[in-house]
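Everything below belongs to target.pdb, which stores PDB, C-alpha atoms.
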```pdb
ATOM      1  CA  MET X1255       0.000   0.000   0.000
ATOM      2  CA  ALA X1256       1.355   3.347  -0.944
ATOM      3  CA  PHE X1257       1.284   6.133   1.564
ATOM      4  CA  VAL X1258       1.374   9.828   0.738
ATOM      5  CA  ASN X1259       3.398  11.965   3.115
ATOM      6  CA  CYS X1260       1.028  14.952   3.363
ATOM      7  CA  GLY X1261       3.215  16.733   5.872
ATOM      8  CA  GLN X1262       6.214  16.666   3.538
ATOM      9  CA  GLY X1263       4.113  18.114   0.644
ATOM     10  CA  ARG X1264       2.935  20.950   2.789
ATOM     11  CA  ASN X1265       6.495  21.746   3.812
ATOM     12  CA  SER X1266       7.634  21.924   0.158
ATOM     13  CA  LYS X1267       4.805  24.259  -0.742
ATOM     14  CA  SER X1268       5.601  26.459   2.261
ATOM     15  CA  LYS X1269       9.242  26.680   1.203
ATOM     16  CA  ARG X1270       8.321  27.628  -2.354
ATOM     17  CA  LEU X1271       5.897  30.272  -1.073
ATOM     18  CA  PHE X1272       8.544  31.646   1.262
ATOM     19  CA  VAL X1273      11.083  31.924  -1.563
ATOM     20  CA  LEU X1274       8.520  33.630  -3.830
ATOM     21  CA  LEU X1275       7.560  36.165  -1.174
ATOM     22  CA  SER X1276      11.226  36.894  -0.453
ATOM     23  CA  LEU X1277      11.907  37.468  -4.128
ATOM     24  CA  ILE X1278       8.939  39.860  -4.423
ATOM     25  CA  SER X1279      10.097  41.748  -1.328
ATOM     26  CA  PHE X1280      13.633  42.078  -2.710
ATOM     27  CA  VAL X1281      12.463  43.367  -6.111
ATOM     28  CA  THR X1282      10.052  45.852  -4.481
ATOM     29  CA  GLY X1283      12.781  47.169  -2.212
ATOM     30  CA  PHE X1284      15.184  47.528  -5.135
ATOM     31  CA  ILE X1285      12.635  49.510  -7.181
ATOM     32  CA  LEU X1286      11.852  51.820  -4.252
ATOM     33  CA  ALA X1287      15.541  52.430  -3.638
ATOM     34  CA  LEU X1288      16.030  53.247  -7.322
ATOM     35  CA  LEU X1289      13.132  55.726  -7.322
ATOM     36  CA  VAL X1290      14.433  57.461  -4.203
ATOM     37  CA  SER X1291      17.931  57.754  -5.626
ATOM     38  CA  ARG X1292      16.611  59.252  -8.867
ATOM     39  CA  LYS X1293      14.539  61.777  -6.907
ATOM     40  CA  MET X1294      17.573  62.831  -4.904
ATOM     41  CA  PHE X1295      19.916  63.114  -7.842
ATOM     42  CA  GLN X1296      17.956  64.513 -10.751
ATOM     43  CA  LEU X1297      20.761  66.846 -11.911
ATOM     44  CA  PRO X1298      22.798  66.754 -14.010
ATOM     45  CA  ILE X1299      20.626  65.519 -16.857
ATOM     46  CA  GLU X1300      21.885  63.234 -19.580
ATOM     47  CA  GLU X1301      21.340  63.407 -23.337
ATOM     48  CA  ASP X1302      21.665  66.043 -25.900
ATOM     49  CA  THR X1303      21.917  64.085 -29.115
ATOM     50  CA  THR X1304      18.248  63.585 -29.942
ATOM     51  CA  SER X1305      15.254  65.835 -30.429
ATOM     52  CA  TYR X1306      14.131  67.108 -27.039
ATOM     53  CA  GLY X1307      10.552  67.031 -28.315
ATOM     54  CA  LYS X1308      10.717  63.239 -28.656
ATOM     55  CA  ARG X1309      12.417  62.309 -25.421
ATOM     56  CA  GLN X1310      11.979  64.501 -22.362
ATOM     57  CA  CYS X1311      14.732  64.516 -19.770
ATOM     58  CA  GLU X1312      13.645  64.604 -16.154
ATOM     59  CA  VAL X1313      14.213  67.921 -14.409
ATOM     60  CA  SER X1314      12.975  68.919 -11.000
ATOM     61  CA  ASN X1315      10.948  72.132 -11.245
ATOM     62  CA  SER X1316      12.223  73.716  -8.050
ATOM     63  CA  SER X1317      13.835  77.149  -8.244
ATOM     64  CA  ASN X1318      17.132  75.861  -6.894
ATOM     65  CA  ASP X1319      17.361  73.200  -9.576
ATOM     66  CA  TRP X1320      16.753  75.712 -12.386
ATOM     67  CA  ASP X1321      19.376  78.042 -10.920
ATOM     68  CA  THR X1322      21.864  75.184 -10.653
ATOM     69  CA  LEU X1323      21.132  74.104 -14.198
ATOM     70  CA  LEU X1324      21.414  77.516 -15.840
ATOM     71  CA  ASN X1325      24.530  78.506 -13.900
ATOM     72  CA  SER X1326      26.352  75.368 -14.957
ATOM     73  CA  ASP X1327      28.798  75.644 -17.845
ATOM     74  CA  ILE X1328      28.193  71.986 -18.675
ATOM     75  CA  SER X1329      24.409  72.278 -19.043
ATOM     76  CA  THR X1330      23.331  70.953 -22.426
ATOM     77  CA  GLY X1331      21.113  72.450 -25.094
ATOM     78  CA  SER X1332      18.376  69.965 -24.258
ATOM     79  CA  GLN X1333      18.462  70.958 -20.592
ATOM     80  CA  ILE X1334      18.252  74.661 -21.446
ATOM     81  CA  MET X1335      15.254  74.068 -23.729
ATOM     82  CA  GLN X1336      13.612  72.167 -20.879
ATOM     83  CA  TYR X1337      13.686  75.420 -18.932
ATOM     84  CA  PHE X1338      11.947  77.296 -21.751
ATOM     85  CA  MET X1339       9.310  74.519 -21.921
ATOM     86  CA  TRP X1340       8.676  74.473 -18.146
ATOM     87  CA  ASN X1341       5.036  75.541 -17.716
ATOM     88  CA  ASN X1342       4.636  75.610 -13.906
ATOM     89  CA  ARG X1343       0.895  75.220 -14.412
ATOM     90  CA  ASN X1344       0.139  74.829 -10.702
ATOM     91  CA  ALA X1345       0.944  78.521 -10.194
ATOM     92  CA  CYS X1346      -2.459  79.560 -11.613
ATOM     93  CA  GLN X1347      -5.640  77.597 -11.084
ATOM     94  CA  LEU X1348      -7.664  79.160 -13.927
ATOM     95  CA  VAL X1349      -5.849  79.857 -17.203
ATOM     96  CA  GLN X1350      -7.734  80.946 -20.319
ATOM     97  CA  ASP X1351      -6.424  81.542 -23.833
ATOM     98  CA  PHE X1352      -7.359  84.735 -25.662
ATOM     99  CA  GLY X1353      -6.968  85.163 -29.414
ATOM    100  CA  GLY X1354      -5.110  82.975 -31.858
ATOM    101  CA  THR X1355      -5.447  81.476 -35.325
ATOM    102  CA  LEU X1356      -6.310  77.881 -36.183
ATOM    103  CA  TYR X1357      -3.569  76.111 -38.127
ATOM    104  CA  LYS X1358      -3.220  72.622 -39.615
ATOM    105  CA  ASN X1359      -0.350  70.164 -40.095
ATOM    106  CA  PRO X1360      -0.186  69.928 -37.141
ATOM    107  CA  SER X1361      -3.646  71.118 -36.178
ATOM    108  CA  GLY X1362      -3.805  73.635 -33.360
ATOM    109  CA  TRP X1363      -4.021  77.264 -32.311
ATOM    110  CA  ASP X1364      -1.158  79.679 -32.855
ATOM    111  CA  GLY X1365      -0.762  83.142 -31.368
ATOM    112  CA  GLN X1366      -3.098  82.629 -28.424
ATOM    113  CA  LYS X1367      -2.099  84.277 -25.144
ATOM    114  CA  SER X1368      -2.596  82.696 -21.729
ATOM    115  CA  VAL X1369      -4.284  84.876 -19.113
ATOM    116  CA  CYS X1370      -4.477  83.945 -15.428
ATOM    117  CA  LEU X1371      -8.017  84.528 -14.192
ATOM    118  CA  ASP X1372      -7.473  83.657 -10.547
ATOM    119  CA  PRO X1373      -9.433  86.245  -8.499
ATOM    120  CA  LYS X1374      -6.418  88.134  -7.134
ATOM    121  CA  LEU X1375      -4.682  88.303 -10.506
ATOM    122  CA  ALA X1376      -7.377  88.542 -13.171
ATOM    123  CA  PRO X1377      -7.777  91.800 -15.117
ATOM    124  CA  GLN X1378     -10.865  93.584 -13.797
ATOM    125  CA  PRO X1379     -13.413  94.198 -16.589
ATOM    126  CA  GLY X1380     -14.283  97.835 -17.008
ATOM    127  CA  GLY X1381     -10.995  99.202 -15.753
ATOM    128  CA  CYS X1382      -8.186  96.967 -17.006
ATOM    129  CA  ILE X1383      -5.370  98.148 -19.271
ATOM    130  CA  VAL X1384      -3.662  95.989 -21.940
ATOM    131  CA  TYR X1385      -0.499  96.825 -23.887
ATOM    132  CA  SER X1386      -0.154  94.633 -26.984
ATOM    133  CA  PHE X1387       3.130  94.750 -28.937
ATOM    134  CA  GLY X1388       3.231  92.937 -32.277
ATOM    135  CA  ILE X1389      -0.038  92.773 -34.227
ATOM    136  CA  LYS X1390       0.811  91.842 -37.825
ATOM    137  CA  ASN X1391      -2.800  92.502 -38.823
ATOM    138  CA  GLU X1392      -3.994  89.692 -36.538
ATOM    139  CA  TRP X1393      -6.351  91.400 -34.075
ATOM    140  CA  SER X1394      -8.031  88.428 -32.386
ATOM    141  CA  PHE X1395      -6.241  88.822 -29.029
ATOM    142  CA  ASP X1396      -6.812  92.576 -28.916
ATOM    143  CA  GLU X1397     -10.479  92.301 -29.863
ATOM    144  CA  GLN X1398     -11.159  89.556 -27.328
ATOM    145  CA  MET X1399      -9.416  91.432 -24.522
ATOM    146  CA  SER X1400     -11.510  94.476 -25.457
ATOM    147  CA  GLU X1401     -14.646  92.336 -25.381
ATOM    148  CA  TYR X1402     -13.557  91.010 -21.977
ATOM    149  CA  GLY X1403     -13.698  94.607 -20.728
ATOM    150  CA  CYS X1404     -10.192  96.053 -21.071
ATOM    151  CA  GLN X1405      -8.922  99.159 -22.797
ATOM    152  CA  VAL X1406      -6.311  97.910 -25.273
ATOM    153  CA  PHE X1407      -3.316  99.822 -26.610
ATOM    154  CA  ALA X1408      -1.841  98.039 -29.647
ATOM    155  CA  PHE X1409       1.567  98.718 -31.204
ATOM    156  CA  ASP X1410       3.244  97.691 -34.448
ATOM    157  CA  PRO X1411       5.478  99.778 -36.753
ATOM    158  CA  SER X1412       5.587  97.131 -39.503
ATOM    159  CA  MET X1413       1.988  97.378 -40.723
ATOM    160  CA  GLY X1414       2.274 100.699 -42.545
ATOM    161  CA  LYS X1415      -0.711 102.125 -40.648
ATOM    162  CA  ASP X1416      -1.026 105.428 -38.830
ATOM    163  CA  GLN X1417      -2.383 105.918 -35.341
ATOM    164  CA  HIS X1418      -6.089 105.085 -35.198
ATOM    165  CA  ASP X1419      -8.811 103.440 -33.132
ATOM    166  CA  HIS X1420      -9.395  99.908 -34.317
ATOM    167  CA  THR X1421     -12.894  98.492 -34.593
ATOM    168  CA  PRO X1422     -14.504  96.423 -33.339
ATOM    169  CA  GLY X1423     -13.544  97.041 -29.766
ATOM    170  CA  ASN X1424     -11.914  99.571 -27.485
ATOM    171  CA  VAL X1425      -8.519  99.236 -29.202
ATOM    172  CA  HIS X1426      -6.134 102.160 -29.792
ATOM    173  CA  PHE X1427      -3.383 101.566 -32.353
ATOM    174  CA  TYR X1428       0.061 103.244 -32.469
ATOM    175  CA  ASN X1429       2.730 102.637 -35.095
ATOM    176  CA  TRP X1430       5.547 102.410 -32.545
ATOM    177  CA  GLY X1431       7.931  99.551 -31.994
ATOM    178  CA  LEU X1432       9.241  98.355 -28.629
ATOM    179  CA  GLY X1433      12.958  98.641 -27.880
ATOM    180  CA  ASP X1434      15.460  99.511 -25.196
ATOM    181  CA  ARG X1435      15.381 103.274 -25.896
ATOM    182  CA  ASP X1436      13.698 105.887 -28.076
ATOM    183  CA  LYS X1437      15.207 105.966 -31.552
ATOM    184  CA  HIS X1438      14.461 105.996 -35.256
ATOM    185  CA  ASP X1439      15.211 102.754 -37.074
ATOM    186  CA  VAL X1440      16.735 104.004 -40.314
ATOM    187  CA  ASP X1441      16.708 100.563 -41.956
ATOM    188  CA  TYR X1442      12.922 100.201 -41.743
ATOM    189  CA  ASN X1443      11.934 103.811 -41.101
ATOM    190  CA  TRP X1444      10.270 102.780 -37.823
ATOM    191  CA  LYS X1445       9.820 104.740 -34.631
ATOM    192  CA  ILE X1446      11.117 102.655 -31.712
ATOM    193  CA  ARG X1447      10.377 103.532 -28.096
ATOM    194  CA  SER X1448      11.085 102.091 -24.662
ATOM    195  CA  LEU X1449       8.200 100.817 -22.562
ATOM    196  CA  SER X1450       8.772 103.508 -19.925
ATOM    197  CA  SER X1451       8.628 106.236 -22.583
ATOM    198  CA  ILE X1452       5.388 104.869 -24.035
ATOM    199  CA  TYR X1453       3.815 104.496 -20.599
ATOM    200  CA  GLU X1454       4.758 108.037 -19.646
ATOM    201  CA  GLU X1455       3.053 109.449 -22.735
ATOM    202  CA  LEU X1456      -0.045 107.268 -22.575
ATOM    203  CA  SER X1457      -0.573 107.768 -18.849
ATOM    204  CA  ALA X1458      -2.204 111.050 -19.840
ATOM    205  CA  ARG X1459      -4.833 108.898 -21.512
ATOM    206  CA  HIS X1460      -5.261 105.968 -19.138
ATOM    207  CA  GLY X1461      -3.867 107.406 -15.911
ATOM    208  CA  CYS X1462      -1.069 106.007 -13.778
ATOM    209  CA  LYS X1463      -2.638 102.559 -13.704
ATOM    210  CA  VAL X1464      -0.977  99.184 -13.639
ATOM    211  CA  ILE X1465      -0.674  97.514 -17.031
ATOM    212  CA  ASP X1466      -2.897  94.542 -16.298
ATOM    213  CA  TYR X1467      -1.595  92.563 -19.254
ATOM    214  CA  LEU X1468       1.533  93.182 -21.311
ATOM    215  CA  LYS X1469       1.811  91.157 -24.519
ATOM    216  CA  ILE X1470       5.156  91.093 -26.363
ATOM    217  CA  ASP X1471       5.472  89.302 -29.699
ATOM    218  CA  ILE X1472       8.135  91.214 -31.608
ATOM    219  CA  GLU X1473      10.309  88.646 -33.399
ATOM    220  CA  PHE X1474      13.622  88.473 -31.472
ATOM    221  CA  ASP X1475      13.488  92.098 -30.274
ATOM    222  CA  GLU X1476      12.153  90.819 -26.943
ATOM    223  CA  TRP X1477      15.800  90.101 -26.073
ATOM    224  CA  VAL X1478      16.579  93.805 -26.688
ATOM    225  CA  ALA X1479      13.562  95.283 -24.893
ATOM    226  CA  LEU X1480      13.373  93.020 -21.843
ATOM    227  CA  PRO X1481      16.614  94.101 -20.101
ATOM    228  CA  ASP X1482      15.456  97.743 -20.277
ATOM    229  CA  ILE X1483      12.000  96.833 -18.935
ATOM    230  CA  MET X1484      13.684  95.150 -15.985
ATOM    231  CA  ALA X1485      16.272  97.899 -15.378
ATOM    232  CA  SER X1486      13.805 100.782 -15.707
ATOM    233  CA  GLY X1487      11.472  99.458 -13.020
ATOM    234  CA  MET X1488       8.588  98.989 -15.449
ATOM    235  CA  LEU X1489       8.021  95.417 -14.256
ATOM    236  CA  SER X1490       6.563  96.932 -11.105
ATOM    237  CA  LYS X1491       3.786  98.382 -13.290
ATOM    238  CA  VAL X1492       2.929  95.042 -14.963
ATOM    239  CA  ARG X1493       0.454  92.573 -13.472
ATOM    240  CA  GLN X1494       0.729  89.856 -16.137
ATOM    241  CA  LEU X1495       3.200  89.379 -18.972
ATOM    242  CA  SER X1496       3.005  87.173 -22.057
ATOM    243  CA  MET X1497       6.000  86.964 -24.345
ATOM    244  CA  GLU X1498       6.883  84.846 -27.337
ATOM    245  CA  VAL X1499      10.583  84.107 -27.018
ATOM    246  CA  HIS X1500      12.559  83.098 -30.079
ATOM    247  CA  MET X1501      15.534  80.788 -30.388
ATOM    248  CA  ASP X1502      18.223  81.349 -33.026
ATOM    249  CA  PHE X1503      19.320  78.131 -34.733
ATOM    250  CA  GLU X1504      22.597  79.836 -35.726
ATOM    251  CA  ALA X1505      23.424  81.123 -32.226
ATOM    252  CA  SER X1506      25.715  79.404 -29.755
ATOM    253  CA  LEU X1507      24.749  77.338 -26.748
ATOM    254  CA  GLU X1508      26.148  80.118 -24.545
ATOM    255  CA  GLN X1509      23.803  82.665 -26.151
ATOM    256  CA  HIS X1510      20.759  80.507 -25.437
ATOM    257  CA  ARG X1511      21.971  79.954 -21.884
ATOM    258  CA  ASP X1512      22.266  83.742 -21.448
ATOM    259  CA  TRP X1513      18.712  84.210 -22.744
ATOM    260  CA  ALA X1514      17.454  81.615 -20.290
ATOM    261  CA  LYS X1515      19.339  83.345 -17.471
ATOM    262  CA  LEU X1516      17.666  86.630 -18.413
ATOM    263  CA  LEU X1517      14.215  85.089 -18.008
ATOM    264  CA  ARG X1518      15.302  83.429 -14.776
ATOM    265  CA  SER X1519      16.540  86.756 -13.370
ATOM    266  CA  MET X1520      13.150  88.274 -14.190
ATOM    267  CA  GLU X1521      11.474  85.423 -12.293
ATOM    268  CA  LYS X1522      13.699  86.144  -9.320
ATOM    269  CA  MET X1523      12.318  89.699  -9.390
ATOM    270  CA  GLY X1524       8.858  88.317  -8.640
ATOM    271  CA  MET X1525       7.472  87.245 -12.013
ATOM    272  CA  VAL X1526       5.893  83.813 -11.590
ATOM    273  CA  ARG X1527       5.587  81.641 -14.660
ATOM    274  CA  PHE X1528       2.197  79.959 -15.092
ATOM    275  CA  ASP X1529       2.285  78.721 -18.680
ATOM    276  CA  SER X1530       4.608  77.814 -21.530
ATOM    277  CA  GLU X1531       3.711  76.380 -24.925
ATOM    278  CA  TYR X1532       6.152  75.532 -27.679
ATOM    279  CA  ASN X1533       5.446  76.486 -31.287
ATOM    280  CA  PRO X1534       5.112  73.317 -33.402
ATOM    281  CA  TRP X1535       5.120  75.309 -36.660
ATOM    282  CA  TYR X1536       8.445  77.018 -35.946
ATOM    283  CA  VAL X1537      11.052  74.266 -35.704
ATOM    284  CA  GLY X1538      14.607  73.702 -36.819
ATOM    285  CA  THR X1539      17.994  72.186 -36.109
ATOM    286  CA  PHE X1540      20.572  74.138 -34.151
ATOM    287  CA  ILE X1541      23.892  74.465 -35.930
ATOM    288  CA  GLN X1542      26.313  74.953 -33.041
ATOM    289  CA  PHE X1543      25.011  72.185 -30.765
ATOM    290  CA  PRO X1544      23.265  68.873 -31.546
ATOM    291  CA  LEU X1545      19.557  69.507 -31.095
ATOM    292  CA  THR X1546      16.369  69.682 -33.151
ATOM    293  CA  GLY X1547      13.073  71.122 -31.983
ATOM    294  CA  SER X1548      10.926  74.194 -31.548
ATOM    295  CA  LEU X1549      12.452  77.630 -32.015
ATOM    296  CA  GLY X1550       9.652  79.553 -30.301
ATOM    297  CA  TYR X1551       7.844  79.482 -26.946
ATOM    298  CA  GLU X1552       4.795  81.375 -25.690
ATOM    299  CA  ILE X1553       5.497  81.981 -21.991
ATOM    300  CA  ALA X1554       3.255  83.769 -19.486
ATOM    301  CA  TRP X1555       3.995  85.152 -16.015
ATOM    302  CA  TYR X1556       2.177  87.075 -13.303
ATOM    303  CA  ASN X1557       3.677  89.550 -10.873
ATOM    304  CA  SER X1558       3.691  88.028  -7.379
ATOM    305  CA  ASN X1559       3.909  91.509  -5.878
ATOM    306  CA  TYR X1560       0.250  92.014  -6.767
ATOM    307  CA  SER X1561      -1.833  90.045  -4.315
ATOM    308  CA  SER X1562      -5.014  92.083  -4.696
ATOM    309  CA  VAL X1563      -7.066  93.600  -7.464
ATOM    310  CA  SER X1564      -6.340  97.198  -6.536
ATOM    311  CA  THR X1565      -4.400  99.409  -8.935
TER     312      THR X1565
END
```
Target encoding structure tokens, full file:
Amino acid sequence: MAFVNCGQGRNSKSKRLFVLLSLISFVTGFILALLVSRKMFQLPIEEDTTSYGKRQCEVSNSSNDWDTLLNSDISTGSQIMQYFMWNNRNACQLVQDFGGTLYKNPSGWDGQKSVCLDPKLAPQPGGCIVYSFGIKNEWSFDEQMSEYGCQVFAFDPSMGKDQHDHTPGNVHFYNWGLGDRDKHDVDYNWKIRSLSSIYEELSARHGCKVIDYLKIDIEFDEWVALPDIMASGMLSKVRQLSMEVHMDFEASLEQHRDWAKLLRSMEKMGMVRFDSEYNPWYVGTFIQFPLTGSLGYEIAWYNSNYSSVST
């Protein structure tokens, strides 16, 4: 008669179960340790040989990490573009786009401007002031901000139009360009003015109010005008800022790092980023460092020094 040793079978099963549970525990512990180590040591970032639009490197979004990254001489082009793409969306709970044109291939909206409508930051209908630099005969942003309830001052020297009130809407047009000082551009026969000079003249019309929304889309001249805006103290008169920043595929890595540092220094002055969108229709390959991707970013900030709606 054959006997089955039930006790021995149970012991074998118990051993196999013990080994399996130990293996699971080891693998789980290893994965957790790996995740913790990656969280602690996110910088420096690897990779700069592929398109940053296809493979995103991991970057912590804390201020200290961005400062470390941009102040490093070994930061790569991909890492610098990550800074331009950083949207910091948690900074504003209600973001709405105003204006823009529908494009295809790829399908999407171009030229729209992000506005933070959180109660303490939103432009107040009926009394808000908008400065809009760079029109190019595309009035959708200006008309929608006027419909929202703001008085809009629009500027563009390239359209060949004289000063006039645009309709529909409460939009006042001036054929001035934005720069770092008042001058006459002899190459294009344009009148260029600094933001402080324009504000001083127009304050007779709108009073010494805060510029609730400053839009700058002036095709590379943002890098000329922005240092003067910061140095002149005009940032203190701006509640929200939207700017399309342009990359130069012929420029060096150091030049792009300096541009990123300029934006970062503005953020250290109290401008809080709440949106960034890359331009999928404006792409190229950089010549002086190995990278392919977008050459333009729509970035929006609000001034943290304004915590109430008063002007």
Using only C-alpha atoms, which of X:Met1413, X:Met1335, X:Val1526, X:Cys1404 sits nearest X:His1510?
-> X:Met1335
Which neighbours of X:Arg1493 fall inside 12 Å, counting all atoms listed in the file, when residues of the same chain fewer than 5 positions from it are skipped, and could you give them as a PyMOL selection string?
-> chain X and resi 1369-1371+1374-1378+1382-1385+1463-1469+1488+1524-1526+1554-1565
So what does the PyMOL selection byres ((chain X and resi 1435) around 12) actually pick up in this one, as JSON, numbers by chain?
-> {"X": [1430, 1431, 1432, 1433, 1434, 1436, 1437, 1438, 1439, 1445, 1446, 1447, 1448, 1449, 1450, 1451, 1452, 1478, 1479, 1480, 1481, 1482, 1483, 1485, 1486]}
Might you pull out every residue within 12 Å of X:Thr1355, with only C-alpha atoms counted and same-chain residues fewer than 3 positions away left off, and present them as JSON, numbers by chain?
-> {"X": [1351, 1352, 1358, 1361, 1362, 1363, 1364, 1365, 1366, 1367, 1391, 1392, 1393, 1394, 1395]}
Taken to one decimal, the atom CA of X:Gly1353-atom CA of X:Pro1422 distance is 14.1 Å
Exercise on stretch 1542-1561 of chain X, axis-aligned box with 4 Å per side, report centre and edge lengths in Å to one decimal, as lines of an AutoDock Vina configuration file:
```
center_x = 12.2
center_y = 80.4
center_z = -18.7
size_x = 36.1
size_y = 31.1
size_z = 36.8
```
